[in-house]
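What follows is the content of run-v1.cif (mmCIF, C-alpha atoms).
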```cif
data_upload
#
loop_
_atom_site.label_atom_id
_atom_site.label_comp_id
_atom_site.auth_asym_id
_atom_site.auth_seq_id
_atom_site.Cartn_x
_atom_site.Cartn_y
_atom_site.Cartn_z
CA MET A 1 122.91 -70.38 -7.34
CA LEU A 2 123.81 -67.06 -8.83
CA SER A 3 122.23 -67.87 -12.11
CA GLN A 4 119.03 -68.71 -10.47
CA THR A 5 119.01 -65.35 -8.71
CA GLU A 6 119.64 -63.51 -11.91
CA ASP A 7 116.88 -65.46 -13.56
CA VAL A 8 114.53 -64.40 -10.82
CA ARG A 9 115.56 -60.72 -11.16
CA GLY A 10 115.20 -61.00 -14.89
CA ILE A 11 111.78 -62.31 -14.50
CA ALA A 12 110.95 -59.63 -11.93
CA GLY A 13 112.36 -56.88 -14.09
CA HIS A 14 110.42 -58.13 -17.04
CA SER A 15 106.97 -58.08 -15.20
CA SER A 16 107.18 -54.65 -13.36
CA PRO A 17 105.88 -52.33 -16.16
CA GLN A 18 102.75 -54.40 -16.68
CA ASN A 19 101.88 -54.28 -13.03
CA PHE A 20 102.30 -50.48 -12.99
CA VAL A 21 99.90 -50.02 -15.87
CA LYS A 22 97.34 -52.20 -14.22
CA THR A 23 97.66 -50.28 -11.02
CA LYS A 24 97.25 -46.98 -12.81
CA LYS A 25 94.11 -48.15 -14.61
CA SER A 26 92.63 -49.42 -11.38
CA ALA A 27 93.20 -46.03 -9.75
CA ARG A 28 91.54 -44.27 -12.65
CA MET A 29 88.53 -46.51 -12.39
CA ARG A 30 88.25 -45.84 -8.69
CA TRP A 31 88.40 -42.09 -9.27
CA LEU A 32 85.90 -42.32 -12.08
CA ALA A 33 83.49 -44.32 -9.94
CA LEU A 34 83.96 -41.87 -7.13
CA ALA A 35 83.27 -38.98 -9.47
CA VAL A 36 80.15 -40.65 -10.80
CA VAL A 37 78.94 -41.34 -7.32
CA SER A 38 79.71 -37.75 -6.29
CA VAL A 39 77.88 -36.34 -9.30
CA ALA A 40 74.91 -38.61 -8.65
CA ALA A 41 74.85 -37.62 -5.00
CA ALA A 42 75.15 -33.95 -5.95
CA ALA A 43 72.32 -34.37 -8.45
CA VAL A 44 70.09 -36.06 -5.88
CA LEU A 45 70.95 -33.43 -3.32
CA GLY A 46 70.34 -30.61 -5.79
CA TYR A 47 67.04 -32.05 -6.92
CA GLY A 48 65.94 -32.42 -3.32
CA MET A 49 66.90 -28.83 -2.56
CA TRP A 50 65.18 -27.61 -5.73
CA SER A 51 62.05 -29.59 -4.85
CA ARG A 52 62.05 -28.10 -1.37
CA VAL A 53 62.49 -24.58 -2.74
CA ARG A 54 59.70 -25.10 -5.28
CA ALA A 55 57.39 -26.57 -2.64
CA SER A 56 58.19 -23.66 -0.34
CA LYS A 57 57.42 -21.15 -3.06
CA LYS A 58 54.20 -22.96 -3.94
CA LEU A 59 53.20 -23.09 -0.30
CA GLY A 60 53.96 -19.39 0.05
CA ALA A 61 51.92 -18.59 -3.02
CA GLU A 62 49.02 -20.71 -1.78
CA THR A 63 49.28 -19.15 1.67
CA SER A 64 49.26 -15.66 0.18
CA GLN A 65 46.31 -16.58 -2.00
CA LEU A 66 44.39 -18.03 0.92
CA ALA A 67 45.16 -14.95 2.98
CA VAL A 68 43.10 -12.85 0.47
CA THR A 69 39.34 -13.07 1.18
CA THR A 70 37.28 -14.32 -1.75
CA VAL A 71 33.90 -12.70 -2.29
CA SER A 72 30.93 -12.85 -4.61
CA VAL A 73 29.59 -9.56 -5.92
CA VAL A 74 26.40 -8.32 -7.52
CA THR A 75 25.66 -5.23 -9.57
CA PRO A 76 22.74 -3.07 -8.33
CA LYS A 77 19.58 -3.34 -10.36
CA GLN A 78 17.93 -0.11 -11.47
CA SER A 79 14.40 0.14 -10.10
CA THR A 80 11.46 0.56 -12.44
CA PRO A 81 9.94 4.06 -12.96
CA ALA A 82 6.71 2.91 -11.29
CA GLN A 83 6.16 0.42 -8.53
CA GLU A 84 2.92 -1.56 -8.23
CA ILE A 85 1.41 -1.75 -4.79
CA ILE A 86 -1.60 -3.89 -3.93
CA LEU A 87 -3.88 -2.67 -1.15
CA PRO A 88 -7.26 -3.80 0.20
CA GLY A 89 -10.27 -1.70 -0.75
CA ASN A 90 -13.86 -1.40 0.41
CA VAL A 91 -16.42 -1.15 -2.39
CA GLN A 92 -19.27 1.22 -1.52
CA PRO A 93 -22.10 2.76 -3.54
CA PHE A 94 -21.76 6.29 -4.81
CA ILE A 95 -24.86 7.26 -2.80
CA SER A 96 -26.25 5.25 0.10
CA SER A 97 -29.11 6.35 2.30
CA PRO A 98 -31.30 4.88 5.03
CA ILE A 99 -34.98 5.86 4.74
CA TYR A 100 -36.59 6.80 8.09
CA ALA A 101 -40.18 7.75 8.96
CA ARG A 102 -40.89 11.35 9.92
CA THR A 103 -44.28 10.68 11.47
CA ASN A 104 -45.67 8.23 14.02
CA GLY A 105 -48.22 5.60 13.08
CA TYR A 106 -48.63 2.10 11.67
CA LEU A 107 -47.35 0.85 8.35
CA LYS A 108 -50.33 0.58 6.07
CA ASN A 109 -48.55 -0.83 3.02
CA TRP A 110 -45.11 -1.13 1.35
CA TYR A 111 -44.39 -1.26 -2.40
CA ALA A 112 -40.68 -2.12 -2.81
CA ASP A 113 -38.69 -5.07 -1.53
CA ILE A 114 -34.95 -5.82 -1.50
CA GLY A 115 -33.36 -5.83 -4.93
CA ALA A 116 -36.02 -3.56 -6.40
CA HIS A 117 -34.72 -0.85 -8.73
CA VAL A 118 -36.62 2.31 -7.86
CA LYS A 119 -36.75 5.77 -9.39
CA GLN A 120 -36.56 9.09 -7.64
CA GLY A 121 -39.98 10.01 -6.21
CA GLN A 122 -41.32 6.46 -6.43
CA LEU A 123 -43.71 5.52 -3.59
CA LEU A 124 -42.16 3.03 -1.19
CA ALA A 125 -44.64 2.81 1.69
CA VAL A 126 -47.72 4.39 3.27
CA ILE A 127 -48.04 5.04 7.01
CA ASP A 128 -51.44 5.30 8.70
CA ALA A 129 -51.30 8.21 11.20
CA PRO A 130 -54.88 9.15 12.29
CA GLU A 131 -53.60 11.44 15.07
CA VAL A 132 -51.90 13.66 12.51
CA ASP A 133 -55.00 13.70 10.35
CA GLN A 134 -57.14 14.79 13.33
CA GLN A 135 -54.63 17.43 14.37
CA LEU A 136 -54.66 18.79 10.84
CA ALA A 137 -58.45 18.94 10.78
CA GLN A 138 -58.46 20.77 14.11
CA SER A 139 -55.79 23.16 12.89
CA LEU A 140 -57.81 23.92 9.78
CA SER A 141 -60.87 24.73 11.92
CA ASN A 142 -58.81 27.05 14.10
CA LEU A 143 -57.49 28.74 10.97
CA ASN A 144 -61.00 29.28 9.65
CA THR A 145 -62.07 30.79 13.01
CA ALA A 146 -59.04 33.05 13.00
CA LYS A 147 -59.77 34.18 9.48
CA ALA A 148 -63.39 35.02 10.41
CA ASN A 149 -62.23 37.07 13.40
CA LEU A 150 -59.70 38.81 11.17
CA ALA A 151 -62.41 39.73 8.68
CA LEU A 152 -64.60 41.19 11.45
CA ALA A 153 -61.64 43.07 12.90
CA GLU A 154 -60.86 44.48 9.47
CA ILE A 155 -64.42 45.75 9.01
CA THR A 156 -64.36 47.36 12.45
CA LYS A 157 -60.98 48.96 11.76
CA ASN A 158 -62.13 50.38 8.44
CA ARG A 159 -65.36 51.74 9.96
CA TYR A 160 -63.57 53.47 12.85
CA GLU A 161 -60.95 54.93 10.50
CA GLY A 162 -63.83 56.46 8.46
CA LEU A 163 -65.59 57.87 11.53
CA ILE A 164 -62.47 59.47 12.93
CA LYS A 165 -62.42 61.83 9.99
CA THR A 166 -65.67 63.45 11.23
CA ASN A 167 -64.67 63.16 14.88
CA ALA A 168 -67.61 60.81 15.44
CA VAL A 169 -65.50 58.46 17.53
CA ALA A 170 -62.61 58.92 19.89
CA GLN A 171 -59.06 58.25 18.74
CA GLN A 172 -58.77 55.61 21.45
CA ASP A 173 -61.56 53.61 19.84
CA VAL A 174 -59.76 53.79 16.47
CA ASP A 175 -56.51 52.59 18.02
CA ASN A 176 -58.28 49.68 19.70
CA ALA A 177 -59.84 48.64 16.40
CA VAL A 178 -56.53 48.78 14.57
CA GLY A 179 -54.79 46.79 17.34
CA SER A 180 -57.49 44.14 17.31
CA TYR A 181 -57.10 43.79 13.56
CA LYS A 182 -53.35 43.30 13.80
CA ALA A 183 -53.71 40.76 16.61
CA ASN A 184 -56.21 38.73 14.61
CA GLN A 185 -53.92 38.95 11.61
CA ALA A 186 -51.05 37.47 13.67
CA ILE A 187 -53.33 34.67 14.89
CA VAL A 188 -54.23 33.80 11.32
CA GLU A 189 -50.55 33.66 10.34
CA ALA A 190 -49.75 31.38 13.29
CA ASP A 191 -52.64 29.07 12.46
CA GLU A 192 -51.54 28.97 8.82
CA ALA A 193 -48.03 27.94 9.92
CA ASN A 194 -49.47 25.24 12.16
CA VAL A 195 -51.58 23.94 9.30
CA LYS A 196 -48.53 23.81 7.00
CA GLN A 197 -46.57 21.90 9.65
CA LEU A 198 -49.33 19.32 10.06
CA GLN A 199 -49.74 19.09 6.30
CA ALA A 200 -46.01 18.33 6.04
CA LEU A 201 -46.34 15.65 8.71
CA GLN A 202 -49.31 14.23 6.85
CA GLY A 203 -47.17 14.21 3.70
CA PHE A 204 -44.60 12.10 5.56
CA GLU A 205 -47.23 9.40 5.77
CA ARG A 206 -46.16 8.55 2.23
CA VAL A 207 -42.50 7.47 1.93
CA TYR A 208 -40.80 8.16 -1.43
CA ALA A 209 -37.43 7.17 -2.91
CA PRO A 210 -35.01 10.12 -2.68
CA PHE A 211 -32.96 9.05 -5.75
CA ASP A 212 -32.63 6.32 -8.37
CA GLY A 213 -31.18 3.20 -6.83
CA VAL A 214 -31.62 -0.31 -5.49
CA VAL A 215 -33.39 -1.25 -2.28
CA THR A 216 -30.79 -3.17 -0.31
CA ALA A 217 -32.78 -3.57 2.91
CA ARG A 218 -36.43 -3.55 4.09
CA ASN A 219 -36.78 -3.45 7.84
CA THR A 220 -40.56 -3.14 8.24
CA ASP A 221 -43.80 -4.87 7.36
CA ILE A 222 -47.53 -4.14 7.32
CA GLY A 223 -48.88 -3.34 10.77
CA ASP A 224 -45.53 -2.43 12.31
CA LEU A 225 -45.53 0.48 14.72
CA ILE A 226 -43.59 3.28 13.09
CA ASP A 227 -41.64 5.65 15.29
CA SER A 228 -40.69 9.04 14.00
CA GLY A 229 -37.00 9.36 13.17
CA SER A 230 -36.85 12.55 15.22
CA SER A 231 -37.94 10.84 18.44
CA GLY A 232 -35.44 9.98 21.16
CA GLY A 233 -35.87 6.21 20.86
CA VAL A 234 -33.88 3.72 18.82
CA LYS A 235 -34.01 4.69 15.18
CA THR A 236 -34.79 1.97 12.66
CA ASP A 237 -34.70 2.70 8.96
CA LEU A 238 -37.66 1.44 6.97
CA PHE A 239 -35.60 0.93 3.82
CA HIS A 240 -32.01 1.27 2.71
CA ILE A 241 -31.30 2.44 -0.83
CA ALA A 242 -27.98 2.41 -2.68
CA GLN A 243 -26.96 3.85 -6.02
CA PRO A 244 -24.57 1.30 -7.63
CA GLY A 245 -24.11 2.90 -11.06
CA VAL A 246 -20.81 4.38 -9.85
CA LEU A 247 -18.93 2.78 -7.00
CA ARG A 248 -16.63 4.43 -4.49
CA VAL A 249 -13.66 2.30 -3.44
CA TYR A 250 -11.92 3.56 -0.31
CA VAL A 251 -8.29 2.57 0.16
CA ASN A 252 -5.88 3.31 3.01
CA VAL A 253 -2.46 4.00 1.49
CA PRO A 254 0.56 3.62 3.82
CA GLU A 255 2.33 6.87 4.61
CA GLU A 256 5.52 5.87 2.76
CA TYR A 257 3.56 5.77 -0.54
CA SER A 258 1.41 8.85 0.17
CA GLN A 259 3.55 11.23 -1.91
CA GLY A 260 3.26 8.99 -4.96
CA VAL A 261 -0.54 8.82 -5.19
CA LYS A 262 -2.07 11.70 -7.12
CA VAL A 263 -5.60 12.59 -8.19
CA GLY A 264 -6.20 11.34 -11.72
CA MET A 265 -4.17 8.14 -11.40
CA THR A 266 -5.57 4.92 -12.83
CA ALA A 267 -6.28 2.07 -10.45
CA ASN A 268 -7.20 -1.52 -11.28
CA LEU A 269 -9.50 -3.61 -9.11
CA ALA A 270 -9.29 -7.37 -8.75
CA LEU A 271 -12.03 -9.33 -6.98
CA ALA A 272 -12.00 -12.97 -5.92
CA GLU A 273 -15.33 -13.62 -7.64
CA PHE A 274 -13.86 -12.51 -11.00
CA PRO A 275 -10.58 -14.47 -11.35
CA GLY A 276 -8.31 -13.17 -14.09
CA ARG A 277 -10.41 -10.04 -14.64
CA THR A 278 -9.73 -6.47 -13.60
CA PHE A 279 -11.91 -3.38 -13.43
CA GLN A 280 -10.44 0.02 -14.12
CA GLY A 281 -11.08 2.96 -11.85
CA LYS A 282 -9.80 6.48 -11.34
CA LEU A 283 -8.45 8.11 -8.21
CA VAL A 284 -10.72 11.13 -7.74
CA ARG A 285 -9.80 12.50 -4.30
CA THR A 286 -7.66 12.00 -1.23
CA ALA A 287 -8.13 13.02 2.38
CA GLU A 288 -4.96 15.16 2.10
CA ALA A 289 -4.13 14.18 5.68
CA ILE A 290 -2.44 11.21 7.33
CA ASN A 291 -4.55 9.36 9.86
CA VAL A 292 -2.62 9.57 13.12
CA THR A 293 -3.93 6.19 14.29
CA THR A 294 -3.19 4.07 11.21
CA ARG A 295 -0.55 6.32 9.59
CA THR A 296 -2.34 5.95 6.26
CA LEU A 297 -3.79 8.27 3.64
CA LEU A 298 -7.44 7.66 2.74
CA ILE A 299 -8.09 7.82 -1.01
CA GLU A 300 -11.22 7.33 -3.11
CA VAL A 301 -11.26 5.45 -6.40
CA ASP A 302 -14.40 5.72 -8.52
CA VAL A 303 -15.37 2.77 -10.74
CA GLN A 304 -18.08 2.82 -13.38
CA ASN A 305 -20.61 0.02 -12.83
CA PRO A 306 -23.39 0.54 -15.40
CA THR A 307 -24.50 -3.09 -15.42
CA SER A 308 -24.31 -3.44 -11.62
CA ILE A 309 -21.99 -6.43 -12.02
CA LEU A 310 -19.97 -5.27 -9.01
CA LEU A 311 -21.83 -5.54 -5.73
CA THR A 312 -21.60 -2.90 -3.05
CA GLY A 313 -19.85 -3.97 0.12
CA SER A 314 -17.42 -6.23 -1.76
CA TYR A 315 -13.75 -6.64 -0.87
CA ALA A 316 -11.32 -5.74 -3.64
CA GLU A 317 -7.58 -5.64 -4.21
CA VAL A 318 -6.60 -2.27 -5.59
CA HIS A 319 -3.50 -2.18 -7.83
CA LEU A 320 -1.77 1.21 -7.95
CA GLN A 321 1.26 2.16 -10.03
CA VAL A 322 3.16 4.50 -7.73
CA PRO A 323 6.05 6.46 -9.30
CA THR A 324 9.48 5.84 -7.78
CA ALA A 325 12.63 7.94 -7.68
CA ALA A 326 14.77 7.45 -10.82
CA SER A 327 18.01 7.01 -8.86
CA THR A 328 16.95 4.08 -6.69
CA PHE A 329 18.45 0.61 -6.94
CA LEU A 330 17.51 -2.89 -5.82
CA ILE A 331 20.03 -5.16 -4.10
CA PRO A 332 19.66 -8.46 -2.20
CA VAL A 333 19.07 -8.07 1.52
CA ASN A 334 22.07 -10.33 2.26
CA THR A 335 24.43 -7.58 1.09
CA LEU A 336 23.66 -5.28 4.02
CA LEU A 337 26.03 -4.62 6.90
CA PHE A 338 24.47 -3.37 10.12
CA ARG A 339 27.08 -1.29 11.88
CA THR A 340 26.85 1.04 14.87
CA GLU A 341 27.51 4.01 12.59
CA GLY A 342 24.61 3.05 10.31
CA LEU A 343 23.65 0.86 7.37
CA ARG A 344 26.58 -0.08 5.09
CA VAL A 345 27.33 -2.25 2.05
CA GLY A 346 30.72 -3.53 0.93
CA VAL A 347 31.80 -2.34 -2.53
CA VAL A 348 34.87 -3.74 -4.32
CA LYS A 349 37.07 -1.05 -5.89
CA ASP A 350 40.47 -1.97 -7.40
CA GLY A 351 40.53 -5.23 -5.46
CA LYS A 352 39.89 -3.54 -2.12
CA VAL A 353 36.81 -3.12 0.03
CA ALA A 354 35.08 0.24 0.44
CA LEU A 355 32.21 0.49 2.93
CA ALA A 356 29.49 2.64 1.35
CA THR A 357 26.88 4.39 3.49
CA VAL A 358 23.43 3.70 2.02
CA THR A 359 19.88 4.80 2.73
CA ALA A 360 17.25 2.07 2.51
CA GLY A 361 13.83 2.57 0.95
CA HIS A 362 11.11 -0.04 0.62
CA ASP A 363 11.72 -3.57 1.84
CA PHE A 364 10.51 -6.24 -0.62
CA GLY A 365 11.50 -9.28 1.40
CA ASP A 366 14.46 -10.78 -0.47
CA GLN A 367 15.37 -7.40 -1.99
CA ILE A 368 15.61 -3.91 -0.60
CA GLU A 369 15.45 -0.53 -2.28
CA ILE A 370 18.46 1.78 -1.91
CA VAL A 371 17.60 5.44 -2.44
CA SER A 372 21.12 6.84 -2.01
CA GLY A 373 24.72 5.71 -1.62
CA LEU A 374 25.14 3.42 -4.66
CA LYS A 375 26.00 3.77 -8.34
CA ALA A 376 24.93 1.58 -11.23
CA ASP A 377 28.42 0.11 -11.81
CA ASP A 378 29.23 -0.67 -8.17
CA GLN A 379 30.24 -4.23 -7.31
CA VAL A 380 28.40 -5.00 -4.08
CA ILE A 381 29.64 -7.89 -1.95
CA VAL A 382 27.10 -10.66 -1.29
CA ASN A 383 27.09 -12.21 2.21
CA PRO A 384 29.99 -10.08 3.48
CA PRO A 385 31.67 -11.38 6.67
CA ASP A 386 31.08 -9.32 9.80
CA SER A 387 34.84 -8.84 10.15
CA ILE A 388 35.24 -7.11 6.81
CA VAL A 389 36.83 -3.66 7.00
CA ALA A 390 37.49 -0.82 4.61
CA GLY A 391 40.71 -1.24 2.58
CA GLN A 392 40.79 -5.02 2.98
CA GLN A 393 42.21 -6.92 -0.02
CA VAL A 394 39.63 -9.24 -1.61
CA GLN A 395 39.34 -11.43 -4.64
CA ILE A 396 36.16 -11.70 -6.72
CA VAL A 397 35.23 -15.31 -7.46
CA GLN A 398 31.75 -14.76 -8.84
CA ALA A 399 29.93 -11.80 -10.32
CA THR A 400 26.14 -11.72 -10.67
CA LEU A 401 24.38 -9.75 -13.37
CA PRO A 402 21.55 -7.37 -12.44
CA GLY A 403 19.02 -9.59 -14.16
CA ASP A 404 20.04 -12.50 -11.95
CA ILE A 405 18.76 -10.79 -8.80
CA LYS A 406 15.63 -12.60 -7.67
#
```

For this file, produce the structure as structure tokens.
Amino acid sequence: MLSQTEDVRGIAGHSSPQNFVKTKKSARMRWLALAVVSVAAAAVLGYGMWSRVRASKKLGAETSQLAVTTVSVVTPKQSTPAQEIILPGNVQPFISSPIYARTNGYLKNWYADIGAHVKQGQLLAVIDAPEVDQQLAQSLSNLNTAKANLALAEITKNRYEGLIKTNAVAQQDVDNAVGSYKANQAIVEADEANVKQLQALQGFERVYAPFDGVVTARNTDIGDLIDSGSSGGVKTDLFHIAQPGVLRVYVNVPEEYSQGVKVGMTANLALAEFPGRTFQGKLVRTAEAINVTTRTLLIEVDVQNPTSILLTGSYAEVHLQVPTAASTFLIPVNTLLFRTEGLRVGVVKDGKVALATVTAGHDFGDQIEIVSGLKADDQVIVNPPDSIVAGQQVQIVQATLPGDIK
């Protein structure tokens, strides 16, 4: 019994170290696994925290970037030294005159119709005025009677002046003779004036061209009753003559361009009946006054027309090169800000907005002229928001060159 117990103890004492080693290894493995798991968990946790921090920073950066307004800018375009304006013009002859009758009668004959080129002094028509002819004949008879009485009065005056020297006649008789002579002399002068007047009226029976030109209208015919132009009735011109060798083109220039038009400027005419062709003229005079009704300045442009290719009364487009101020710029109209304190544009300087006060000039539709308030290197904001304020931080996303302005 004892031996069996000892054998069991021996066996137990023999196996105890092996079990201890196994237990120790098992504990190490557990700690190692726990460490690995802890490291893995720490790594996952650290990566998650790092991802969150990075996402937060990225979100903050994006938020800060979105908080800055992005704008497109354009550089002002320097305006040209001269600006072309196109205005309507009325083409008129250099000289235009209606021809009226100066005596009453009937038209006996006419010698020029519309389109006829006539010379100065050329006979146009003859008027039959028998009343004037009879009045002239009567006036001539009265003049002859007056002259005969004057001759008799002169003889009597000379005779009495000779007799007074010998006291053969009274002084009263001499004075009467002298007075009678002077009265008859005055009658002769009056009759001569009457004869000249009737001769002038008789001369008006023949109508002549007052200058070289073209007959543009004939308003009478043979047998028509002619009324003197000096009468109180309705006046009707017999003919109308125009001189088309040089044409006058009258143009009404708006007041805003009035300071730019000067005598001596060249003007080009374009007419619908001559597509692709221009006619050169010269500005010869201005009215030197603004019409208070139309607020325009009337100017005259003379155009040489030696071949009469241009017709009087035509409508023409007059092209004028009007000088502009050297410091003006052109910017798109969608850059303007209309504020209560006046017209403004947004200019980007060092990443911030500056509101520049500008003075507008001519409006060209999609562009507007700025006469003051801008510089050539300014970056003007296109389509600025109404809420934009001075000092606001902005970011430029697109810059447009001056040549890109349309």

Residue neighbourhood stretch 181-194 of chain A, 8 Å, all atoms listed in the file, exclusion window fewer than 4 positions, as number ranges by chain = A: 139-140, 142-143, 146-147, 149-150, 153-154, 157, 177, 198

Per residue of stretch 182-222 of chain A within 12 Å of stretch 126-131 of chain A, note the shortest atom pair and the distance in Å to one decimal, counting all atoms listed in the file, and order the rows by chain and increasing residue number, as CSV.
```
residue,atom,partner,partner_atom,distance
A:Leu198,CA,A:Glu131,CA,10.3
A:Leu201,CA,A:Ala129,CA,9.3
A:Gln202,CA,A:Ala129,CA,7.7
A:Gly203,CA,A:Ile127,CA,9.8
A:Phe204,CA,A:Ile127,CA,8.0
A:Glu205,CA,A:Ile127,CA,4.6
A:Arg206,CA,A:Val126,CA,4.6
A:Val207,CA,A:Val126,CA,6.2
A:Tyr208,CA,A:Val126,CA,9.2
A:Thr220,CA,A:Ile127,CA,11.2
A:Asp221,CA,A:Ile127,CA,10.8
A:Ile222,CA,A:Ile127,CA,9.2
```

Name the residues that the PyMOL selection byres ((chain A and resi 87) around 6) picks from the file above, as a short mmCIF file (atom, residue, chain, number, x, y, z; two decimals) with C-alpha atoms, in the frame of the given file, using the file's chain letters and numbers.
```cif
data_model
loop_
_atom_site.label_atom_id
_atom_site.label_comp_id
_atom_site.auth_asym_id
_atom_site.auth_seq_id
_atom_site.Cartn_x
_atom_site.Cartn_y
_atom_site.Cartn_z
CA ILE A 86 -1.60 -3.89 -3.93
CA PRO A 88 -7.26 -3.80 0.20
CA GLU A 317 -7.58 -5.64 -4.21
CA VAL A 318 -6.60 -2.27 -5.59
#
```

So which residues get picked by the PyMOL selection byres ((chain A and resi 329) around 12) here, written as a PDB file with C-alpha atoms, in the frame of the given file?
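Heads up, here's the output in result_36.pdb:
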```
ATOM      1  CA  VAL A  74      26.400  -8.320  -7.520  1.00  0.00           C
ATOM      2  CA  THR A  75      25.660  -5.230  -9.570  1.00  0.00           C
ATOM      3  CA  PRO A  76      22.740  -3.070  -8.330  1.00  0.00           C
ATOM      4  CA  LYS A  77      19.580  -3.340 -10.360  1.00  0.00           C
ATOM      5  CA  GLN A  78      17.930  -0.110 -11.470  1.00  0.00           C
ATOM      6  CA  SER A  79      14.400   0.140 -10.100  1.00  0.00           C
ATOM      7  CA  THR A  80      11.460   0.560 -12.440  1.00  0.00           C
ATOM      8  CA  PRO A  81       9.940   4.060 -12.960  1.00  0.00           C
ATOM      9  CA  THR A 324       9.480   5.840  -7.780  1.00  0.00           C
ATOM     10  CA  ALA A 325      12.630   7.940  -7.680  1.00  0.00           C
ATOM     11  CA  ALA A 326      14.770   7.450 -10.820  1.00  0.00           C
ATOM     12  CA  SER A 327      18.010   7.010  -8.860  1.00  0.00           C
ATOM     13  CA  THR A 328      16.950   4.080  -6.690  1.00  0.00           C
ATOM     14  CA  LEU A 330      17.510  -2.890  -5.820  1.00  0.00           C
ATOM     15  CA  ILE A 331      20.030  -5.160  -4.100  1.00  0.00           C
ATOM     16  CA  PRO A 332      19.660  -8.460  -2.200  1.00  0.00           C
ATOM     17  CA  VAL A 358      23.430   3.700   2.020  1.00  0.00           C
ATOM     18  CA  THR A 359      19.880   4.800   2.730  1.00  0.00           C
ATOM     19  CA  ALA A 360      17.250   2.070   2.510  1.00  0.00           C
ATOM     20  CA  GLY A 361      13.830   2.570   0.950  1.00  0.00           C
ATOM     21  CA  HIS A 362      11.110  -0.040   0.620  1.00  0.00           C
ATOM     22  CA  ASP A 363      11.720  -3.570   1.840  1.00  0.00           C
ATOM     23  CA  GLN A 367      15.370  -7.400  -1.990  1.00  0.00           C
ATOM     24  CA  ILE A 368      15.610  -3.910  -0.600  1.00  0.00           C
ATOM     25  CA  GLU A 369      15.450  -0.530  -2.280  1.00  0.00           C
ATOM     26  CA  ILE A 370      18.460   1.780  -1.910  1.00  0.00           C
ATOM     27  CA  VAL A 371      17.600   5.440  -2.440  1.00  0.00           C
ATOM     28  CA  SER A 372      21.120   6.840  -2.010  1.00  0.00           C
ATOM     29  CA  GLY A 373      24.720   5.710  -1.620  1.00  0.00           C
ATOM     30  CA  LEU A 374      25.140   3.420  -4.660  1.00  0.00           C
ATOM     31  CA  LYS A 375      26.000   3.770  -8.340  1.00  0.00           C
ATOM     32  CA  ALA A 376      24.930   1.580 -11.230  1.00  0.00           C
ATOM     33  CA  ASP A 377      28.420   0.110 -11.810  1.00  0.00           C
ATOM     34  CA  ASP A 378      29.230  -0.670  -8.170  1.00  0.00           C
ATOM     35  CA  VAL A 380      28.400  -5.000  -4.080  1.00  0.00           C
ATOM     36  CA  PRO A 402      21.550  -7.370 -12.440  1.00  0.00           C
ATOM     37  CA  ILE A 405      18.760 -10.790  -8.800  1.00  0.00           C
TER      38      ILE A 405
END
```

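Restricting the calculation to only C-alpha atoms, the smallest distance between A:Val71 and any of A:Pro384, A:Gly391, A:Pro98, A:Pro210 is found for A:Pro384.
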
Can you list what the PyMOL selection byres ((chain A and resi 312-316) around 7) grabs from this structure, as an NGL selection string?
-> :A and (88-93 or 244 or 269-271 or 310-311 or 317-318)

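The space between atom CA of A:Val301 and atom CA of A:Ala289 spans 16.5 Å.
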